[in-house]
>>> print(open('model_38.txt').read())   # compact mmCIF, C-alpha atoms
# COMPACT_ATOMS: atom_id res chain seq x y z
CA MET A 26 97.37 73.56 99.92
CA LYS A 27 95.44 73.06 96.70
CA ARG A 28 94.02 76.58 96.72
CA LEU A 29 97.38 78.13 97.55
CA PHE A 30 98.98 76.30 94.65
CA LEU A 31 96.19 77.44 92.37
CA PHE A 32 96.71 81.00 93.54
CA SER A 33 100.41 80.92 92.75
CA VAL A 34 99.68 79.64 89.25
CA LEU A 35 97.11 82.38 88.72
CA LEU A 36 99.28 85.22 89.93
CA PHE A 37 102.46 84.21 88.15
CA PRO A 38 101.30 82.05 85.22
CA VAL A 39 103.80 83.37 82.68
CA ALA A 40 107.02 85.35 82.70
CA VAL A 41 105.38 88.63 81.69
CA ALA A 42 102.85 90.86 83.44
CA ALA A 43 103.32 89.28 86.87
CA GLN A 44 102.92 92.66 88.55
CA THR A 45 99.43 93.96 89.22
CA THR A 46 97.82 96.81 91.13
CA PHE A 47 97.04 94.37 93.94
CA PRO A 48 99.45 94.36 96.90
CA THR A 49 101.09 91.02 96.09
CA GLU A 50 102.11 90.12 99.62
CA ARG A 51 98.57 90.74 100.88
CA LEU A 52 97.00 88.63 98.13
CA GLU A 53 99.42 85.79 98.83
CA TYR A 54 98.74 86.06 102.55
CA VAL A 55 94.97 85.96 102.13
CA ALA A 56 95.14 82.97 99.79
CA SER A 57 97.39 81.12 102.22
CA ALA A 58 95.21 81.95 105.22
CA TYR A 59 92.06 80.85 103.42
CA ALA A 60 93.66 77.61 102.24
CA ALA A 61 94.62 76.94 105.87
CA ARG A 62 90.99 77.65 106.86
CA GLU A 63 91.95 80.38 109.30
CA PRO A 64 88.63 81.49 110.81
CA LYS A 65 89.05 85.22 110.12
CA ALA A 66 90.07 84.57 106.53
CA VAL A 67 87.15 82.19 105.97
CA LYS A 68 84.75 84.75 107.43
CA ALA A 69 86.21 87.49 105.20
CA VAL A 70 85.81 85.32 102.11
CA GLU A 71 82.23 84.49 102.94
CA THR A 72 81.49 88.15 103.59
CA LEU A 73 82.90 89.12 100.20
CA ARG A 74 81.07 86.24 98.54
CA ALA A 75 77.80 88.16 98.89
CA ILE A 76 79.31 91.05 96.92
CA ALA A 77 80.96 88.77 94.37
CA ASP A 78 77.65 86.99 93.84
CA GLU A 79 75.98 90.33 93.17
CA TYR A 80 78.58 90.96 90.47
CA ILE A 81 77.82 87.51 89.04
CA MET A 82 74.30 88.84 88.33
CA MET A 83 75.52 92.20 86.98
CA GLU A 84 74.69 93.09 83.40
CA PRO A 85 77.84 93.98 81.42
CA VAL A 86 78.47 97.72 81.05
CA SER A 87 79.85 99.47 78.00
CA VAL A 88 80.60 102.92 76.63
CA VAL A 89 77.73 102.80 74.13
CA GLU A 90 75.05 103.21 76.80
CA LYS A 91 75.20 107.01 76.60
CA LYS A 92 72.34 108.96 75.04
CA ILE A 93 74.51 111.95 74.07
CA LEU A 94 77.04 111.20 71.33
CA PRO A 95 80.59 112.61 71.43
CA PRO A 96 81.66 115.11 68.76
CA SER A 97 83.03 112.21 66.69
CA GLY A 98 79.55 110.72 66.42
CA ASP A 99 80.99 107.34 67.44
CA PRO A 100 79.27 105.90 70.53
CA ARG A 101 82.32 103.74 71.19
CA ASP A 102 84.39 106.80 72.09
CA TYR A 103 84.55 107.35 75.85
CA MET A 104 82.97 110.67 76.91
CA THR A 105 82.46 112.39 80.28
CA LEU A 106 82.13 115.91 81.68
CA SER A 107 84.75 117.54 83.89
CA PRO A 108 83.24 117.24 87.38
CA TYR A 109 84.00 120.62 88.95
CA TRP A 110 82.72 122.85 86.15
CA TRP A 111 79.30 124.52 86.40
CA PRO A 112 77.09 126.82 84.30
CA ASP A 113 78.15 130.46 84.55
CA PRO A 114 75.16 132.29 86.14
CA SER A 115 76.21 135.52 84.42
CA LYS A 116 75.66 134.03 80.94
CA PRO A 117 72.21 133.41 79.41
CA ASP A 118 73.08 129.85 78.41
CA GLY A 119 75.60 129.32 81.20
CA ARG A 120 78.44 128.76 78.75
CA PRO A 121 81.35 128.54 78.90
CA TYR A 122 81.19 126.73 82.23
CA ILE A 123 83.21 127.99 85.22
CA ARG A 124 85.16 126.04 87.84
CA ARG A 125 84.02 125.36 91.42
CA ASP A 126 86.75 123.18 92.82
CA GLY A 127 85.65 120.22 94.93
CA GLU A 128 81.95 120.67 94.08
CA ARG A 129 80.74 118.02 91.66
CA ASN A 130 78.20 119.16 89.06
CA PRO A 131 75.41 116.52 88.99
CA GLU A 132 75.34 116.84 85.20
CA VAL A 133 78.36 114.54 85.13
CA TYR A 134 76.03 111.63 85.81
CA ASP A 135 74.22 112.26 82.53
CA TYR A 136 77.29 110.64 80.95
CA PRO A 137 77.32 107.04 82.19
CA GLU A 138 80.96 106.22 81.36
CA ARG A 139 82.10 107.87 84.59
CA VAL A 140 80.07 105.49 86.75
CA ASN A 141 80.25 102.50 84.45
CA SER A 142 84.04 102.54 84.16
CA GLY A 143 84.21 102.50 87.94
CA ARG A 144 81.69 99.67 88.13
CA LEU A 145 83.73 97.69 85.64
CA GLY A 146 86.95 98.23 87.58
CA ASP A 147 85.36 97.35 90.93
CA ALA A 148 83.54 94.29 89.60
CA ALA A 149 86.54 92.96 87.70
CA ARG A 150 88.89 93.33 90.66
CA THR A 151 86.45 91.80 93.12
CA LEU A 152 85.69 88.82 90.91
CA ALA A 153 89.34 88.25 90.01
CA VAL A 154 90.53 88.46 93.62
CA PHE A 155 87.77 86.13 94.73
CA TYR A 156 88.76 83.66 92.02
CA ALA A 157 92.45 83.92 92.94
CA VAL A 158 91.73 83.21 96.59
CA THR A 159 89.07 80.50 96.21
CA GLY A 160 89.79 78.96 92.81
CA GLU A 161 86.08 79.02 91.91
CA GLU A 162 85.87 79.24 88.13
CA ARG A 163 82.46 80.91 87.86
CA TYR A 164 83.93 84.14 89.21
CA ALA A 165 86.70 84.10 86.61
CA ALA A 166 84.15 83.41 83.88
CA LYS A 167 82.00 86.37 84.88
CA CYS A 168 85.01 88.66 85.10
CA ALA A 169 86.11 87.57 81.64
CA GLY A 170 82.66 88.31 80.24
CA LEU A 171 82.67 91.84 81.64
CA LEU A 172 86.11 92.51 80.17
CA ARG A 173 85.10 91.25 76.74
CA VAL A 174 82.14 93.61 76.54
CA TRP A 175 83.98 96.74 77.73
CA PHE A 176 87.15 96.25 75.67
CA LEU A 177 86.71 93.66 72.92
CA ASP A 178 83.10 93.56 71.70
CA ALA A 179 82.85 94.60 68.04
CA GLU A 180 79.79 96.77 68.65
CA ARG A 181 80.06 97.79 72.30
CA GLY A 182 83.78 97.76 72.99
CA MET A 183 85.51 101.05 73.83
CA ASN A 184 87.79 102.69 71.29
CA PRO A 185 91.31 102.98 72.80
CA ASN A 186 91.37 106.74 73.36
CA MET A 187 90.25 109.35 75.89
CA THR A 188 89.77 112.20 73.42
CA TYR A 189 86.39 113.22 74.86
CA ALA A 190 87.01 112.57 78.54
CA GLN A 191 86.11 115.38 80.96
CA LEU A 192 84.79 117.83 78.39
CA ILE A 193 83.83 121.34 79.56
CA SER A 194 80.65 122.78 78.11
CA GLY A 195 81.39 125.83 76.00
CA ARG A 196 85.16 125.22 75.88
CA THR A 197 86.93 123.56 72.96
CA THR A 198 90.59 123.76 74.02
CA VAL A 199 92.28 120.36 73.93
CA ARG A 200 92.87 119.18 77.49
CA GLY A 201 94.53 116.05 78.76
CA THR A 202 92.99 116.12 82.22
CA GLY A 203 90.30 113.58 81.35
CA ILE A 204 92.94 110.85 81.01
CA ILE A 205 92.79 110.47 84.79
CA ASP A 206 89.37 108.82 84.31
CA ALA A 207 91.18 105.89 82.69
CA ARG A 208 92.45 104.61 86.03
CA ARG A 209 88.98 103.23 86.74
CA PHE A 210 88.86 100.82 83.81
CA CYS A 211 92.64 100.27 83.72
CA TYR A 212 92.36 98.47 87.07
CA ALA A 213 90.69 95.78 84.97
CA PHE A 214 94.06 94.93 83.40
CA SER A 215 95.22 93.62 86.76
CA ALA A 216 92.06 91.56 86.99
CA ALA A 217 92.75 90.12 83.54
CA ALA A 218 96.27 89.14 84.66
CA LEU A 219 94.74 87.05 87.46
CA LEU A 220 92.50 85.27 84.95
CA ARG A 221 95.37 83.74 83.00
CA GLY A 222 95.12 79.99 83.33
CA SER A 223 91.40 80.05 84.06
CA ALA A 224 88.93 78.21 81.86
CA GLY A 225 87.01 81.41 81.17
CA TRP A 226 89.88 83.47 79.72
CA SER A 227 90.97 82.22 76.31
CA ASP A 228 94.13 82.83 74.31
CA ALA A 229 92.02 84.90 71.91
CA ASP A 230 90.82 87.04 74.83
CA GLU A 231 94.41 87.55 75.93
CA ARG A 232 95.58 88.51 72.45
CA GLY A 233 92.66 90.89 72.00
CA LEU A 234 93.23 92.70 75.27
CA GLN A 235 96.97 92.84 74.66
CA LYS A 236 96.30 94.58 71.35
CA TRP A 237 93.81 96.97 72.94
CA ALA A 238 96.33 97.83 75.65
CA GLY A 239 99.06 98.44 73.08
CA ASP A 240 96.83 100.72 71.02
CA PHE A 241 95.76 102.64 74.11
CA LEU A 242 99.35 103.08 75.26
CA HIS A 243 100.25 104.45 71.83
CA TRP A 244 97.43 106.98 72.15
CA LEU A 245 98.57 107.97 75.65
CA ASN A 246 102.12 108.55 74.45
CA GLU A 247 101.49 110.16 71.08
CA SER A 248 98.21 112.11 71.21
CA GLU A 249 98.07 115.83 71.94
CA HIS A 250 95.93 115.03 74.97
CA GLY A 251 98.55 112.63 76.30
CA ARG A 252 101.43 115.01 75.71
CA LYS A 253 99.58 117.73 77.60
CA GLU A 254 98.86 115.47 80.55
CA PHE A 255 102.49 114.36 80.58
CA ARG A 256 103.38 117.98 81.39
CA SER A 257 100.83 118.26 84.21
CA PRO A 258 102.62 119.29 87.43
CA ASN A 259 100.25 117.91 90.08
CA ASN A 260 98.44 114.63 90.82
CA HIS A 261 97.34 114.50 87.18
CA GLY A 262 100.90 114.01 86.00
CA LEU A 263 101.49 111.31 88.62
CA TRP A 264 98.31 109.49 87.61
CA TYR A 265 99.23 109.83 83.92
CA ASP A 266 102.40 107.87 84.64
CA ALA A 267 100.57 105.42 86.90
CA ILE A 268 97.98 104.75 84.19
CA ARG A 269 100.72 104.14 81.65
CA LEU A 270 102.28 101.70 84.09
CA MET A 271 98.96 99.90 84.57
CA VAL A 272 98.90 99.29 80.83
CA VAL A 273 102.61 98.49 80.48
CA ALA A 274 102.52 96.02 83.37
CA TYR A 275 99.81 94.09 81.57
CA THR A 276 101.77 94.02 78.30
CA GLY A 277 104.81 92.78 80.22
CA ASP A 278 107.28 95.41 78.96
CA VAL A 279 109.61 95.52 81.96
CA VAL A 280 112.08 97.87 80.29
CA GLN A 281 109.44 100.49 79.53
CA ALA A 282 107.94 100.11 83.00
CA ARG A 283 111.24 100.94 84.66
CA GLU A 284 111.82 103.82 82.26
CA ILE A 285 108.49 105.42 83.21
CA ALA A 286 109.03 104.90 86.94
CA GLU A 287 112.66 105.95 87.15
CA HIS A 288 112.85 108.76 84.64
CA SER A 289 109.34 110.22 84.71
CA LEU A 290 107.28 109.44 87.80
CA ALA A 291 109.95 109.55 90.52
CA PRO A 292 111.51 112.89 89.53
CA ARG A 293 108.03 114.27 88.82
CA LEU A 294 107.01 113.42 92.38
CA ALA A 295 110.15 114.97 93.86
CA SER A 296 109.48 118.21 91.98
CA GLN A 297 106.11 118.46 93.73
CA ILE A 298 107.37 117.95 97.29
CA ALA A 299 108.20 120.98 99.45
CA ASP A 300 110.96 121.10 102.06
CA ASP A 301 108.48 120.11 104.79
CA GLY A 302 107.23 117.09 102.80
CA SER A 303 103.92 118.66 101.76
CA LEU A 304 102.56 118.76 98.22
CA PRO A 305 101.83 122.48 97.72
CA LEU A 306 99.85 122.05 94.51
CA GLU A 307 97.45 119.74 96.34
CA LEU A 308 97.24 122.04 99.37
CA GLU A 309 95.66 124.66 97.11
CA ARG A 310 92.62 122.44 96.59
CA THR A 311 89.38 122.55 98.57
CA LEU A 312 89.89 118.84 99.24
CA ALA A 313 93.54 119.16 100.16
CA LEU A 314 93.93 116.04 102.33
CA HIS A 315 92.08 113.96 99.74
CA TYR A 316 94.22 115.19 96.86
CA SER A 317 97.49 114.90 98.79
CA THR A 318 96.57 111.27 99.46
CA PHE A 319 95.32 110.76 95.92
CA ALA A 320 98.74 111.80 94.61
CA LEU A 321 100.51 109.32 96.90
CA GLU A 322 98.06 106.58 95.92
CA ALA A 323 99.22 106.95 92.33
CA VAL A 324 102.84 106.59 93.39
CA ALA A 325 102.27 103.64 95.74
CA LEU A 326 100.34 101.87 93.00
CA ALA A 327 103.12 102.59 90.50
CA ASP A 328 105.70 101.11 92.85
CA ARG A 329 103.78 97.83 92.97
CA LEU A 330 103.72 97.75 89.19
CA VAL A 331 107.51 97.99 88.86
CA ALA A 332 108.38 95.60 91.66
CA ASP A 333 109.90 93.09 89.23
CA THR A 334 112.14 95.66 87.52
CA GLY A 335 114.52 96.06 90.44
CA TYR A 336 113.50 99.67 90.94
CA SER A 337 111.83 101.09 94.06
CA ILE A 338 110.09 104.46 94.01
CA TRP A 339 109.90 104.30 97.81
CA HIS A 340 113.71 104.49 97.99
CA TYR A 341 114.13 107.26 95.43
CA ARG A 342 115.63 110.48 96.71
CA SER A 343 116.09 113.48 94.43
CA PRO A 344 119.35 115.43 94.16
CA GLU A 345 117.70 118.00 96.46
CA GLY A 346 116.99 115.23 99.00
CA ARG A 347 113.22 114.98 98.48
CA SER A 348 111.49 111.62 98.70
CA LEU A 349 108.18 109.80 98.95
CA GLU A 350 109.08 109.00 102.55
CA ASP A 351 109.09 112.74 103.33
CA ALA A 352 105.58 113.11 101.90
CA VAL A 353 104.26 110.22 103.99
CA ALA A 354 105.91 111.61 107.13
CA TYR A 355 104.19 114.96 106.53
CA LEU A 356 100.76 113.34 106.22
CA LEU A 357 101.14 110.81 109.05
CA PRO A 358 99.75 112.96 111.90
CA TYR A 359 96.74 113.94 109.82
CA TYR A 360 95.98 110.34 108.92
CA CYS A 361 95.92 109.64 112.64
CA ALA A 362 93.82 112.73 113.39
CA PRO A 363 92.21 114.19 110.22
CA GLU A 364 90.43 116.83 112.30
CA THR A 365 93.82 118.53 112.88
CA TRP A 366 94.42 119.07 109.14
CA PRO A 367 95.29 122.79 108.78
CA HIS A 368 94.18 123.16 105.16
CA ARG A 369 90.82 123.00 103.40
CA GLN A 370 88.96 119.67 103.26
CA ILE A 371 85.34 120.40 102.51
CA ALA A 372 84.23 116.75 102.68
CA PRO A 373 84.98 113.97 105.20
CA PHE A 374 88.22 112.04 104.63
CA ASP A 375 88.28 108.23 104.64
CA ARG A 376 91.09 107.39 107.09
CA SER A 377 91.49 103.87 105.71
CA ARG A 378 93.07 105.39 102.60
CA GLY A 379 95.78 106.95 104.72
CA ALA A 380 96.22 103.67 106.60
CA ARG A 381 96.90 101.79 103.37
CA ILE A 382 99.53 104.36 102.39
CA LEU A 383 101.16 103.97 105.81
CA TYR A 384 101.06 100.19 105.55
CA ALA A 385 102.76 100.19 102.15
CA ALA A 386 105.35 102.74 103.28
CA GLY A 387 106.09 100.85 106.46
CA ARG A 388 106.60 97.60 104.55
CA ALA A 389 108.81 99.16 101.90
CA LEU A 390 110.96 101.32 104.18
CA GLY A 391 111.16 99.15 107.27
CA ARG A 392 109.24 101.69 109.33
CA ASP A 393 107.49 99.33 111.75
CA GLU A 394 105.89 102.24 113.57
CA TRP A 395 104.07 103.22 110.38
CA GLY A 396 102.71 99.71 110.05
CA GLU A 397 101.47 99.90 113.62
CA ALA A 398 99.84 103.26 112.90
CA ALA A 399 98.12 101.67 109.88
CA ARG A 400 96.77 98.88 112.04
CA SER A 401 95.54 101.28 114.69
CA ILE A 402 93.65 103.30 112.07
CA GLY A 403 92.43 100.25 110.15
CA CYS A 404 93.18 99.53 106.49
CA ARG A 405 89.78 98.18 105.53
CA PRO A 406 87.44 100.61 103.79
CA PRO A 407 84.03 101.19 105.36
CA GLU A 408 82.17 99.51 102.49
CA THR A 409 82.50 95.82 101.77
CA ASN A 410 84.67 95.34 98.70
CA PHE A 411 87.73 93.33 97.71
CA GLU A 412 89.99 95.42 99.96
CA THR A 413 88.06 94.26 103.03
CA LEU A 414 89.28 90.77 102.08
CA LEU A 415 92.85 91.83 101.35
CA TYR A 416 93.08 93.52 104.75
CA PHE A 417 90.82 91.12 106.66
CA ASP A 418 93.20 90.97 109.64
CA MET A 419 93.39 94.75 110.13
>>> encode(input="model_38.txt", output="structure tokens")
Amino acid sequence: MKRLFLFSVLLFPVAVAAQTTFPTERLEYVASAYAAREPKAVKAVETLRAIADEYIMMEPVSVVEKKILPPSGDPRDYMTLSPYWWPDPSKPDGRPYIRRDGERNPEVYDYPERVNSGRLGDAARTLAVFYAVTGEERYAAKCAGLLRVWFLDAERGMNPNMTYAQLISGRTTVRGTGIIDARRFCYAFSAAALLRGSAGWSDADERGLQKWAGDFLHWLNESEHGRKEFRSPNNHGLWYDAIRLMVVAYTGDVVQAREIAEHSLAPRLASQIADDGSLPLELERTLALHYSTFALEAVALADRLVADTGYSIWHYRSPEGRSLEDAVAYLLPYYCAPETWPHRQIAPFDRSRGARILYAAGRALGRDEWGEAARSIGCRPPETNFETLLYFDM
């Protein structure tokens, strides 16, 4: 029971910021199963240990590793290219770039923030979950070190803005679409919440990251980029709200969290759902099943982040009768059989993503048949990462 007690202290150490992007009931279940030495849980922990140990050896990543400076000249400003924009073959210099939806221009990898922000988010979550389940301090210490470099280091730490995210070569119009990149490093806030109470995460670290989060939230709310993304009608708008909630959950502002969920995200979602439950703006894409799921992933994540506010996005129904449940019901048969998807999907779809949506929906709405469908598909992703531990029994 020692590990289970430690887990409960880690997850709910203070009154604020108890909600994270991790499915709480799954994290509690895994910690309990491991403390009880259930064979499958022990095996899952030892499997993930190999990955966590790789992250122990990982060199910290930061935004200053890029070789091309942003227009500001400040290497601490995050900068990436918009992935689906390519040189125009009809122009001598290829500029301004033109869009080829669903086809990623390899030039995006010349800007390392895209990959490094994802590496930070993955490493931080894996290390923090492993610490929460096992209580082994060295994983918390490594996670804390990675967070300090990305956010707090005086020379390498990221400035709290996304002004130069997803730039398009040859185009200077202010766009907010790059804000969606922030989800990758914002997952690290949930990791930081699990570190509270550990020896490796100090009060100064907590104060520093709280300030960074507050400054970033101000930029999201007040910048021209943020205001434009707020008006985005598709998955970008949903992820804008989800990203704000990732930040707000860490700061512990329950009132603002509920305000975003109830008065922005939920009605925004309903406005995107057609009578048949589909998301027409996502069906236009060349990766329509991916983007339909991606939109719901933002909403499911947001619901976890407002669980302590008394508000449930799963139970929201618009005046026109549209709901998240309708969207899940529309996608259910295609999660079970992606090959029957009647719209474009130019790359293979990872069915485990659909299974995790079904699992969350089934739990929230009492739809046991959806939970069974999730189990039959399998919630664990194909690659070994922290979610293979969270869903070790599926």
>>> atom_distance(input="model_38.txt", atom1="atom CA of A:Ala218", atom2="atom CA of A:Pro406")
24.0 Å
>>> closest_residue(input="model_38.txt", among="A:Arg400, A:Arg381, A:Lys167, A:Arg129", to="A:Leu220", atoms="only C-alpha atoms")
A:Lys167
>>> closest_residue(input="model_38.txt", among="A:Phe176, A:Phe210, A:Tyr341, A:Tyr122", to="A:Leu145", atoms="all atoms listed in the file")
A:Phe210
>>> closest_residue(input="model_38.txt", among="A:Val133, A:Ala327, A:Ala66, A:Leu304", to="A:His368", atoms="all atoms listed in the file")
A:Leu304
>>> closest_residue(input="model_38.txt", among="A:Glu180, A:Asp126, A:Asp375, A:Glu53", to="A:Ser87", atoms="only C-alpha atoms")
A:Glu180
>>> closest_residue(input="model_38.txt", among="A:Pro373, A:Pro363, A:Gly182, A:Pro344", to="A:Asp102", atoms="all atoms listed in the file")
A:Gly182
>>> closest_residue(input="model_38.txt", among="A:Ala190, A:Ala157, A:Leu177, A:Ile371", to="A:Arg232", atoms="all atoms listed in the file")
A:Leu177
>>> atom_distance(input="model_38.txt", atom1="atom CA of A:Leu314", atom2="atom CA of A:Ser377")
12.9 Å
>>> residues_around(input="model_38.txt", residues="stretch 115-119 of chain A", least_positions_apart="3", cutoff="9 Å", atoms="all atoms listed in the file", output="number ranges by chain")
A: 111-112, 122-123, 194-195
>>> residues_near_point(input="model_38.txt", point="(93.0, 118.9, 99.5)", cutoff="10 Å", atoms="all atoms listed in the file", output="PyMOL selection string")
chain A and resi 127+304-319+366+368-372+374
>>> atom_distance(input="model_38.txt", atom1="atom CA of A:Ala149", atom2="atom CA of A:Ala216")
5.7 Å
>>> residues_around(input="model_38.txt", residues="stretch 333-335 of chain A", least_positions_apart="3", cutoff="8 Å", atoms="only C-alpha atoms", output="list in words")
Ala43, Gln44, Val279, Val280, Ala282, Arg283 and Leu330 of chain A
>>> residues_around(input="model_38.txt", residues="A:Tyr360", least_positions_apart="4", cutoff="8 Å", atoms="all atoms listed in the file", output="ChimeraX atom specification")
/A:356,376,379-380
>>> build_atoms(input="model_38.txt", residues="stretch 257-280 of chain A", atoms="N, CA and C atoms", output="mmCIF file, in the coordinates of the input")
data_model
loop_
_atom_site.group_PDB
_atom_site.id
_atom_site.type_symbol
_atom_site.label_atom_id
_atom_site.label_comp_id
_atom_site.auth_asym_id
_atom_site.auth_seq_id
_atom_site.Cartn_x
_atom_site.Cartn_y
_atom_site.Cartn_z
ATOM 1 N N SER A 257 101.597 117.800 83.060
ATOM 2 C CA SER A 257 100.830 118.260 84.210
ATOM 3 C C SER A 257 101.662 118.182 85.479
ATOM 4 N N PRO A 258 101.697 119.246 86.290
ATOM 5 C CA PRO A 258 102.620 119.290 87.430
ATOM 6 C C PRO A 258 102.088 118.730 88.735
ATOM 7 N N ASN A 259 100.810 118.345 88.795
ATOM 8 C CA ASN A 259 100.250 117.910 90.080
ATOM 9 C C ASN A 259 99.874 116.436 90.043
ATOM 10 N N ASN A 260 98.838 116.050 90.787
ATOM 11 C CA ASN A 260 98.440 114.630 90.820
ATOM 12 C C ASN A 260 98.084 114.098 89.441
ATOM 13 N N HIS A 261 97.677 114.963 88.527
ATOM 14 C CA HIS A 261 97.340 114.500 87.180
ATOM 15 C C HIS A 261 98.549 113.907 86.478
ATOM 16 N N GLY A 262 99.697 114.556 86.610
ATOM 17 C CA GLY A 262 100.900 114.010 86.000
ATOM 18 C C GLY A 262 101.299 112.682 86.620
ATOM 19 N N LEU A 263 101.164 112.568 87.941
ATOM 20 C CA LEU A 263 101.490 111.310 88.620
ATOM 21 C C LEU A 263 100.547 110.197 88.165
ATOM 22 N N TRP A 264 99.261 110.504 88.052
ATOM 23 C CA TRP A 264 98.310 109.490 87.610
ATOM 24 C C TRP A 264 98.486 109.162 86.132
ATOM 25 N N TYR A 265 98.919 110.125 85.334
ATOM 26 C CA TYR A 265 99.230 109.830 83.920
ATOM 27 C C TYR A 265 100.294 108.740 83.845
ATOM 28 N N ASP A 266 101.355 108.896 84.632
ATOM 29 C CA ASP A 266 102.400 107.870 84.640
ATOM 30 C C ASP A 266 101.891 106.560 85.222
ATOM 31 N N ALA A 267 101.093 106.634 86.295
ATOM 32 C CA ALA A 267 100.570 105.420 86.900
ATOM 33 C C ALA A 267 99.665 104.664 85.929
ATOM 34 N N ILE A 268 98.854 105.389 85.178
ATOM 35 C CA ILE A 268 97.980 104.750 84.190
ATOM 36 C C ILE A 268 98.808 104.092 83.096
ATOM 37 N N ARG A 269 99.847 104.777 82.633
ATOM 38 C CA ARG A 269 100.720 104.140 81.650
ATOM 39 C C ARG A 269 101.329 102.859 82.211
ATOM 40 N N LEU A 270 101.702 102.889 83.475
ATOM 41 C CA LEU A 270 102.280 101.700 84.090
ATOM 42 C C LEU A 270 101.267 100.582 84.239
ATOM 43 N N MET A 271 100.007 100.931 84.498
ATOM 44 C CA MET A 271 98.960 99.900 84.570
ATOM 45 C C MET A 271 98.848 99.159 83.248
ATOM 46 N N VAL A 272 98.984 99.895 82.159
ATOM 47 C CA VAL A 272 98.900 99.290 80.830
ATOM 48 C C VAL A 272 100.174 98.508 80.527
ATOM 49 N N VAL A 273 101.330 99.129 80.790
ATOM 50 C CA VAL A 273 102.610 98.490 80.480
ATOM 51 C C VAL A 273 102.804 97.220 81.287
ATOM 52 N N ALA A 274 102.386 97.216 82.550
ATOM 53 C CA ALA A 274 102.520 96.020 83.370
ATOM 54 C C ALA A 274 101.752 94.856 82.762
ATOM 55 N N TYR A 275 100.590 95.151 82.194
ATOM 56 C CA TYR A 275 99.810 94.090 81.570
ATOM 57 C C TYR A 275 100.492 93.565 80.304
ATOM 58 N N THR A 276 101.091 94.460 79.529
ATOM 59 C CA THR A 276 101.770 94.020 78.300
ATOM 60 C C THR A 276 103.074 93.315 78.608
ATOM 61 N N GLY A 277 103.601 93.484 79.818
ATOM 62 C CA GLY A 277 104.810 92.780 80.220
ATOM 63 C C GLY A 277 106.102 93.434 79.786
ATOM 64 N N ASP A 278 106.069 94.716 79.405
ATOM 65 C CA ASP A 278 107.280 95.410 78.960
ATOM 66 C C ASP A 278 108.018 95.960 80.184
ATOM 67 N N VAL A 279 108.901 95.151 80.742
ATOM 68 C CA VAL A 279 109.610 95.520 81.960
ATOM 69 C C VAL A 279 110.524 96.721 81.743
ATOM 70 N N VAL A 280 111.152 96.777 80.583
ATOM 71 C CA VAL A 280 112.080 97.870 80.290
ATOM 72 C C VAL A 280 111.339 99.203 80.276
#
